[in-house]
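Student: Could you have a look at this structure, given as structure tokens, before my questions?
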Amino acid sequence: MTDVQDPPRASLALLRRITDRHVVDQLLRGDNMTRAEIAAVTGISKPTVSESVRRLELDGVVVEAGAAPLGRRGPAGVHYRLREDLGVALAVEGGPDGLVAELLDVRGTVLRRVERDTPSPVTAAELDPLLLALVADATGDLPGPVRACSLSLAGPVDRGSGRLVHLPHSPFVVDELDPRALLAPLVDVEIEVDNDVNWAALAEHDAGAAVGLDDFCYLHLGHGLGGAVVHDGRLVRGHAGLAGEPAHVLTTGPDGRARRLVECFGDLGLLRPASDTIDVEAVERVLTGDRREDHARRDAIVTAVAGALVSVAALLNPAAIVVGGPWAGAAGFVDRLVARTGELLVPPTPVVVAGLGRAAPLLGARLAATRSLQDVLLGPQRPDAAGVVS
């Protein structure tokens with residue numbers, strides 16, 4: 001007969017962490033709950049839940065919230081809730097449309113929102129004081145320490161350093177920016193920095209047009225041309241964090257010759273004066289205009305964008321291509337894009353309109369910041385949906 005050995009201590013500790021996270025997740029969904037209510041919802045035994053609540057109370061994560069109303073059976077239970085001063089997360093977005101900072105609680109509720117205008121294009125020297133002032137205003141008089149921070153920037157980000165790197169035809173920052181070093185005096189945590197299109201793809205995967213799609217490409221059509229690649233539910237960033245950038249993909253230009261996608265807009269006169277930034281309002285007028293000149297330029301835009309999409313899809317074979325950004329929703333544009341790509345793509349690949357609109361990059365940064373805050377405070381539970389695949 002073999003002696004039954006006690007479970008290893010590491011296994012017991014892991015089981016306790018998992019139980020604690022299940023308990024906390026229920027308190028994240030509801031304001032106040034009794035141990036019996038948590039046990040009923042999770043299927044975990046009440047003694048195990050009671051031990052978990054005791055640990056979480058000792059760790060300062062939960063507190064009593066008063067007695068529950070007396071029921072028909074047994075004595076009244078005690079309600080528990082998460083402490084309100086556990087900490088906060090900060091989500092920041094910067095792009096041609098301006099700067100936004102949001103302060104979030106552990107549930108992802110927006111506690112404070114601060115906005116600032118910014119010139120575009122802009123140099124790092126011009127942007128630095130604006131970004132500092134924005135974050136200083138957002139983090140003044142906090143209900144708890146900043147324990148997580150996600151930053152979305154319109155431009156390519158080096159994944160190792162978190163620096164915004166300069167590439168030709170940048171629509172926003174025209175030189176390099178080091179936001180981690182800049183904001184370190186104000187935010188004493190590791191800042192997760194990524195470009196706005198990657199954050200938008202994360203948001204679409206969580207709650208937009210890409211829900212349920214673990215392999216898709218995302219194309220952003222706005223002041224700049226951006227792309228993101230999601231494989232097995234994770235962002236593919238490449239060696240230097242620049243994977244999925246479509247602006248420099250060769251396509252068919254207005255004159256029928258090979259041109260980089262972004263150069264096509266210069267050829268069509270659709271850039272802002274003295275910049276490499278796409279004039280969104282001008283593009284929208286062309287896409288919806290009735291003049292013969294508008295029709296010709298519209299067809300050129302559809303051909304150029306479709307050519308870039310076909311190259312990406314042929315290489316990656318995604319389940320779908322999600323198209324978003326300020327001018328992606330222009331009347332009839334996506335229908336024309338679908339028709340053109342359908343003529344060229346083998347095998348056919350669905351092209352769908354993004355569901356979250358212009359808010360997608362900030363929503364993605366908000367989602368990541370909230371998850372990071374929960375994991376810092378409560379221990380990780382889910383795989384990192386914004387993980388890196390080289």
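For the structure tokens, the naming scheme is as follows: chains receive sequential letters (A, B, ...) according to their order of presentation, residues are indexed from 1 within each chain, and ligands are indexed from 1 in presentation order.
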Could the residues of range 238-321 of chain A that have an atom at most 12 Å from range 183-194 of chain A be listed as a tab-separated table, each with its closest atom pair and the distance in Å to one decimal, counting only C-alpha atoms and ordered by chain and ascending residue number?

Tutor:
```
residue	atom	partner	partner_atom	distance
A:Ala240	CA	A:Asp194	CA	11.7
A:Gly241	CA	A:Asp194	CA	8.6
A:Leu242	CA	A:Asp194	CA	10.3
```

Student: Which residues of range 188-244 of chain A come within 12 Å of range 251-261 of chain A, and for each one, what is the closest pair of atoms and their distance in Å to one decimal, counting only C-alpha atoms, sorted by chain and residue number, as a tab-separated table?

Tutor:
```
residue	atom	partner	partner_atom	distance
A:Leu221	CA	A:Leu261	CA	11.3
A:Gly224	CA	A:Leu261	CA	10.7
A:Leu225	CA	A:Leu261	CA	8.4
A:Gly226	CA	A:Leu261	CA	10.8
```

Student: Rounded to one decimal in Å, what is the spacing between CA of Val122 in chain A and CA of Val174 in chain A?

Tutor: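 Taking CA of Val122 in chain A and CA of Val174 in chain A, their separation equals 6.1 Å.
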
Student: Write out as a short mmCIF file (atom, residue, chain, number, x, y, z; two decimals) with C-alpha atoms, in the first residue's frame the residues lying within 7 Å of Thr349 in chain A, counting only C-alpha atoms and excluding same-chain residues fewer than 4 positions away.

Tutor:
```
data_model
loop_
_atom_site.label_atom_id
_atom_site.label_comp_id
_atom_site.auth_asym_id
_atom_site.auth_seq_id
_atom_site.Cartn_x
_atom_site.Cartn_y
_atom_site.Cartn_z
CA ALA A 319 -9.24 34.92 -41.21
CA ALA A 320 -10.33 38.50 -41.91
CA LEU A 345 -7.31 37.85 -53.34
#
```

Student: Residues at most 12 Å from Val351 in chain A, counting only C-alpha atoms, excluding those fewer than 3 positions away in the same chain, as number ranges by chain?

Tutor: A: 209-210, 216-219, 306, 309-310, 313, 318-324, 328, 333-342, 345, 348, 354

Student: Select, from A:Asp232, A:Glu293, A:Asp279, A:Asp59, the residue with the minimum atom-to-atom distance to Pro121 in chain A, counting only C-alpha atoms.

Tutor: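 Going through A:Asp232, A:Glu293, A:Asp279, A:Asp59 one by one, the smallest distance to Pro121 in chain A is for A:Asp279.
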
Student: Within 10 Å of Ala125 in chain A, counting only C-alpha atoms, which residues qualify if same-chain residues fewer than 4 places away don't, as an NGL selection string?

Tutor: :A and (129-130 or 173 or 175-177)

Student: Write the residues of the preceding selection, restricted to C-alpha atoms, as an mmCIF file, in the first residue's frame.

Tutor:
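Final file, selection_17.cif:
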```cif
data_model
loop_
_atom_site.group_PDB
_atom_site.id
_atom_site.type_symbol
_atom_site.label_atom_id
_atom_site.label_comp_id
_atom_site.auth_asym_id
_atom_site.auth_seq_id
_atom_site.Cartn_x
_atom_site.Cartn_y
_atom_site.Cartn_z
ATOM 1 C CA PRO A 129 5.754 69.749 -22.097
ATOM 2 C CA LEU A 130 2.215 69.088 -23.350
ATOM 3 C CA VAL A 173 5.887 63.041 -34.114
ATOM 4 C CA ASP A 175 11.521 62.815 -34.540
ATOM 5 C CA GLU A 176 12.194 60.395 -31.667
ATOM 6 C CA LEU A 177 10.398 60.498 -28.321
#
```

Student: Give the answer as one residue: which of A:Ser275, A:Ser161, A:Thr139, A:Thr109 has the shortest atom-to-atom distance to Leu28 in chain A, using only C-alpha atoms?

Tutor: A:Thr109

Student: Can you check which residues of range 240-333 of chain A DSSP gives as strand (DSSP E) on the backbone and send them as a PyMOL selection string?

Tutor: chain A and resi 250-252+258-260+320-324

Student: Since we have the selection now, will you write its residues out, keeping C-alpha atoms, as a tab-separated table (two decimals), in the first residue's frame?

Tutor:
```
chain	number	residue	atom	x	y	z
A	250	LEU	CA	4.40	48.73	-52.63
A	251	THR	CA	1.10	49.04	-54.47
A	252	THR	CA	-0.30	50.49	-57.68
A	258	ALA	CA	4.53	50.81	-58.37
A	259	ARG	CA	4.45	53.27	-55.49
A	260	ARG	CA	4.54	53.05	-51.70
A	320	ALA	CA	-10.33	38.50	-41.91
A	321	ILE	CA	-9.07	42.02	-42.54
A	322	VAL	CA	-10.57	44.66	-40.26
A	323	VAL	CA	-10.54	48.18	-41.68
A	324	GLY	CA	-10.92	51.15	-39.34
```

Student: Can you check which residues of range 191-315 of chain A DSSP gives as alpha helix (DSSP H) on the backbone and send them as a PyMOL selection string?

Tutor: chain A and resi 196-207+261-267+280-288+292-315

Student: Write the residues of the preceding selection, restricted to N, CA and C atoms, as a compact mmCIF listing (two decimals), in the first residue's frame.

Tutor:
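And here's part36.txt as it stands now:
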```txt
# COMPACT_ATOMS: atom_id res chain seq x y z
N ASP A 196 -0.74 53.33 -31.71
CA ASP A 196 -2.20 53.42 -31.60
C ASP A 196 -2.93 52.30 -32.35
N VAL A 197 -2.35 51.84 -33.44
CA VAL A 197 -3.04 50.82 -34.24
C VAL A 197 -3.01 49.47 -33.54
N ASN A 198 -1.93 49.14 -32.87
CA ASN A 198 -1.90 47.90 -32.08
C ASN A 198 -2.94 47.94 -30.98
N TRP A 199 -3.06 49.09 -30.30
CA TRP A 199 -4.08 49.21 -29.25
C TRP A 199 -5.47 49.09 -29.85
N ALA A 200 -5.69 49.67 -31.02
CA ALA A 200 -7.00 49.57 -31.66
C ALA A 200 -7.33 48.12 -32.00
N ALA A 201 -6.34 47.38 -32.49
CA ALA A 201 -6.57 45.97 -32.80
C ALA A 201 -6.92 45.18 -31.56
N LEU A 202 -6.25 45.47 -30.44
CA LEU A 202 -6.57 44.80 -29.17
C LEU A 202 -8.01 45.08 -28.77
N ALA A 203 -8.44 46.34 -28.92
CA ALA A 203 -9.80 46.70 -28.54
C ALA A 203 -10.82 46.02 -29.45
N GLU A 204 -10.54 45.98 -30.76
CA GLU A 204 -11.46 45.31 -31.68
C GLU A 204 -11.55 43.82 -31.39
N HIS A 205 -10.46 43.22 -30.97
CA HIS A 205 -10.46 41.80 -30.63
C HIS A 205 -11.26 41.54 -29.36
N ASP A 206 -11.25 42.49 -28.45
CA ASP A 206 -11.95 42.32 -27.18
C ASP A 206 -13.44 42.62 -27.29
N ALA A 207 -13.79 43.67 -28.03
CA ALA A 207 -15.19 44.11 -28.01
C ALA A 207 -15.67 44.72 -29.31
N LEU A 261 2.41 52.91 -50.57
CA LEU A 261 1.02 53.31 -50.34
C LEU A 261 0.93 54.77 -49.92
N VAL A 262 1.77 55.21 -48.99
CA VAL A 262 1.66 56.58 -48.50
C VAL A 262 2.01 57.58 -49.59
N GLU A 263 2.88 57.21 -50.53
CA GLU A 263 3.25 58.13 -51.60
C GLU A 263 2.09 58.38 -52.55
N CYS A 264 1.17 57.42 -52.63
CA CYS A 264 0.01 57.60 -53.51
C CYS A 264 -0.82 58.82 -53.10
N PHE A 265 -0.89 59.10 -51.81
CA PHE A 265 -1.69 60.22 -51.33
C PHE A 265 -1.01 61.55 -51.64
N GLY A 266 0.31 61.55 -51.65
CA GLY A 266 1.01 62.74 -52.10
C GLY A 266 0.79 62.97 -53.58
N ASP A 267 0.82 61.89 -54.35
CA ASP A 267 0.59 62.01 -55.79
C ASP A 267 -0.81 62.55 -56.08
N VAL A 280 -7.37 64.19 -43.80
CA VAL A 280 -8.54 63.32 -43.64
C VAL A 280 -9.78 63.94 -44.26
N GLU A 281 -10.00 65.23 -44.01
CA GLU A 281 -11.19 65.89 -44.54
C GLU A 281 -11.18 65.89 -46.07
N ALA A 282 -10.01 66.10 -46.67
CA ALA A 282 -9.92 66.10 -48.13
C ALA A 282 -10.19 64.71 -48.69
N VAL A 283 -9.67 63.69 -48.01
CA VAL A 283 -9.92 62.31 -48.47
C VAL A 283 -11.41 62.00 -48.40
N GLU A 284 -12.05 62.39 -47.31
CA GLU A 284 -13.49 62.12 -47.17
C GLU A 284 -14.30 62.83 -48.25
N ARG A 285 -13.89 64.05 -48.61
CA ARG A 285 -14.59 64.77 -49.68
C ARG A 285 -14.44 64.04 -51.02
N VAL A 286 -13.25 63.53 -51.26
CA VAL A 286 -13.02 62.80 -52.50
C VAL A 286 -13.84 61.52 -52.54
N LEU A 287 -13.86 60.79 -51.42
CA LEU A 287 -14.55 59.49 -51.39
C LEU A 287 -16.05 59.63 -51.53
N THR A 288 -16.59 60.78 -51.16
CA THR A 288 -18.05 60.98 -51.23
C THR A 288 -18.45 61.98 -52.31
N ARG A 292 -16.15 64.44 -61.53
CA ARG A 292 -15.36 63.46 -62.27
C ARG A 292 -13.98 63.30 -61.66
N GLU A 293 -13.40 64.42 -61.22
CA GLU A 293 -12.09 64.37 -60.57
C GLU A 293 -12.15 63.54 -59.29
N ASP A 294 -13.25 63.69 -58.52
CA ASP A 294 -13.40 62.91 -57.29
C ASP A 294 -13.48 61.43 -57.61
N HIS A 295 -14.23 61.09 -58.64
CA HIS A 295 -14.38 59.68 -59.01
C HIS A 295 -13.02 59.07 -59.38
N ALA A 296 -12.22 59.82 -60.14
CA ALA A 296 -10.92 59.31 -60.56
C ALA A 296 -9.99 59.12 -59.36
N ARG A 297 -9.97 60.09 -58.47
CA ARG A 297 -9.10 59.97 -57.29
C ARG A 297 -9.61 58.90 -56.33
N ARG A 298 -10.95 58.77 -56.22
CA ARG A 298 -11.51 57.72 -55.38
C ARG A 298 -11.09 56.35 -55.88
N ASP A 299 -11.19 56.15 -57.18
CA ASP A 299 -10.79 54.86 -57.75
C ASP A 299 -9.31 54.58 -57.51
N ALA A 300 -8.49 55.64 -57.57
CA ALA A 300 -7.06 55.48 -57.33
C ALA A 300 -6.79 55.10 -55.87
N ILE A 301 -7.54 55.71 -54.94
CA ILE A 301 -7.38 55.37 -53.52
C ILE A 301 -7.77 53.91 -53.28
N VAL A 302 -8.92 53.50 -53.82
CA VAL A 302 -9.38 52.12 -53.63
C VAL A 302 -8.35 51.14 -54.20
N THR A 303 -7.83 51.42 -55.38
CA THR A 303 -6.84 50.54 -56.01
C THR A 303 -5.58 50.45 -55.18
N ALA A 304 -5.11 51.60 -54.67
CA ALA A 304 -3.87 51.61 -53.89
C ALA A 304 -4.03 50.86 -52.58
N VAL A 305 -5.12 51.13 -51.85
CA VAL A 305 -5.34 50.46 -50.57
C VAL A 305 -5.56 48.97 -50.78
N ALA A 306 -6.34 48.61 -51.80
CA ALA A 306 -6.58 47.20 -52.08
C ALA A 306 -5.28 46.47 -52.41
N GLY A 307 -4.40 47.11 -53.15
CA GLY A 307 -3.12 46.49 -53.49
C GLY A 307 -2.30 46.17 -52.26
N ALA A 308 -2.28 47.10 -51.29
CA ALA A 308 -1.55 46.84 -50.04
C ALA A 308 -2.20 45.72 -49.25
N LEU A 309 -3.53 45.72 -49.18
CA LEU A 309 -4.24 44.67 -48.45
C LEU A 309 -3.98 43.30 -49.06
N VAL A 310 -3.99 43.23 -50.37
CA VAL A 310 -3.77 41.95 -51.04
C VAL A 310 -2.39 41.40 -50.73
N SER A 311 -1.38 42.27 -50.70
CA SER A 311 -0.02 41.83 -50.39
C SER A 311 0.05 41.25 -48.97
N VAL A 312 -0.55 41.97 -48.03
CA VAL A 312 -0.53 41.52 -46.64
C VAL A 312 -1.30 40.21 -46.48
N ALA A 313 -2.48 40.13 -47.05
CA ALA A 313 -3.32 38.95 -46.89
C ALA A 313 -2.71 37.74 -47.58
N ALA A 314 -2.10 37.93 -48.73
CA ALA A 314 -1.48 36.82 -49.44
C ALA A 314 -0.33 36.23 -48.63
N LEU A 315 0.38 37.07 -47.89
CA LEU A 315 1.51 36.61 -47.09
C LEU A 315 1.06 35.95 -45.80
```

Student: Would you list the contacts of Gln374 in chain A as a ChimeraX atom specification, taking every protein, DNA or RNA residue within 10 Å and counting only C-alpha atoms, but skipping same-chain residues closer than 5 positions in sequence?

Tutor: /A:21,24-25,28,86-89,105-108,147-148,368-369,379-381

Student: Select from range 250-293 of chain A every residue with an atom at most 12 Å from any atom of range 111-120 of chain A, then for each give the shortest pair of atoms and their distance in Å to one decimal, using only C-alpha atoms, rows by chain and rising number, as a Markdown table.

Tutor:
```
| residue | atom | partner | partner_atom | distance |
| --- | --- | --- | --- | --- |
| A:Arg272 | CA | A:Ser120 | CA | 9.9 |
| A:Pro273 | CA | A:Ser120 | CA | 11.4 |
| A:Ala274 | CA | A:Ser120 | CA | 11.3 |
| A:Ser275 | CA | A:Ser120 | CA | 9.0 |
| A:Asp276 | CA | A:Ser120 | CA | 10.2 |
| A:Thr277 | CA | A:Ser120 | CA | 8.2 |
| A:Ile278 | CA | A:Ser120 | CA | 10.9 |
| A:Asp279 | CA | A:Ser120 | CA | 11.3 |
```

Student: Could you save the residues just selected, with C-alpha atoms, as a short mmCIF file (atom, residue, chain, number, x, y, z; two decimals), in the first residue's frame?

Tutor:
```cif
data_model
loop_
_atom_site.label_atom_id
_atom_site.label_comp_id
_atom_site.auth_asym_id
_atom_site.auth_seq_id
_atom_site.Cartn_x
_atom_site.Cartn_y
_atom_site.Cartn_z
CA ARG A 272 -1.58 68.48 -45.54
CA PRO A 273 0.60 71.35 -46.79
CA ALA A 274 4.32 70.90 -46.05
CA SER A 275 3.79 67.60 -44.21
CA ASP A 276 3.46 63.86 -44.69
CA THR A 277 0.12 63.82 -42.87
CA ILE A 278 -2.93 62.68 -44.83
CA ASP A 279 -5.62 65.36 -45.02
#
```
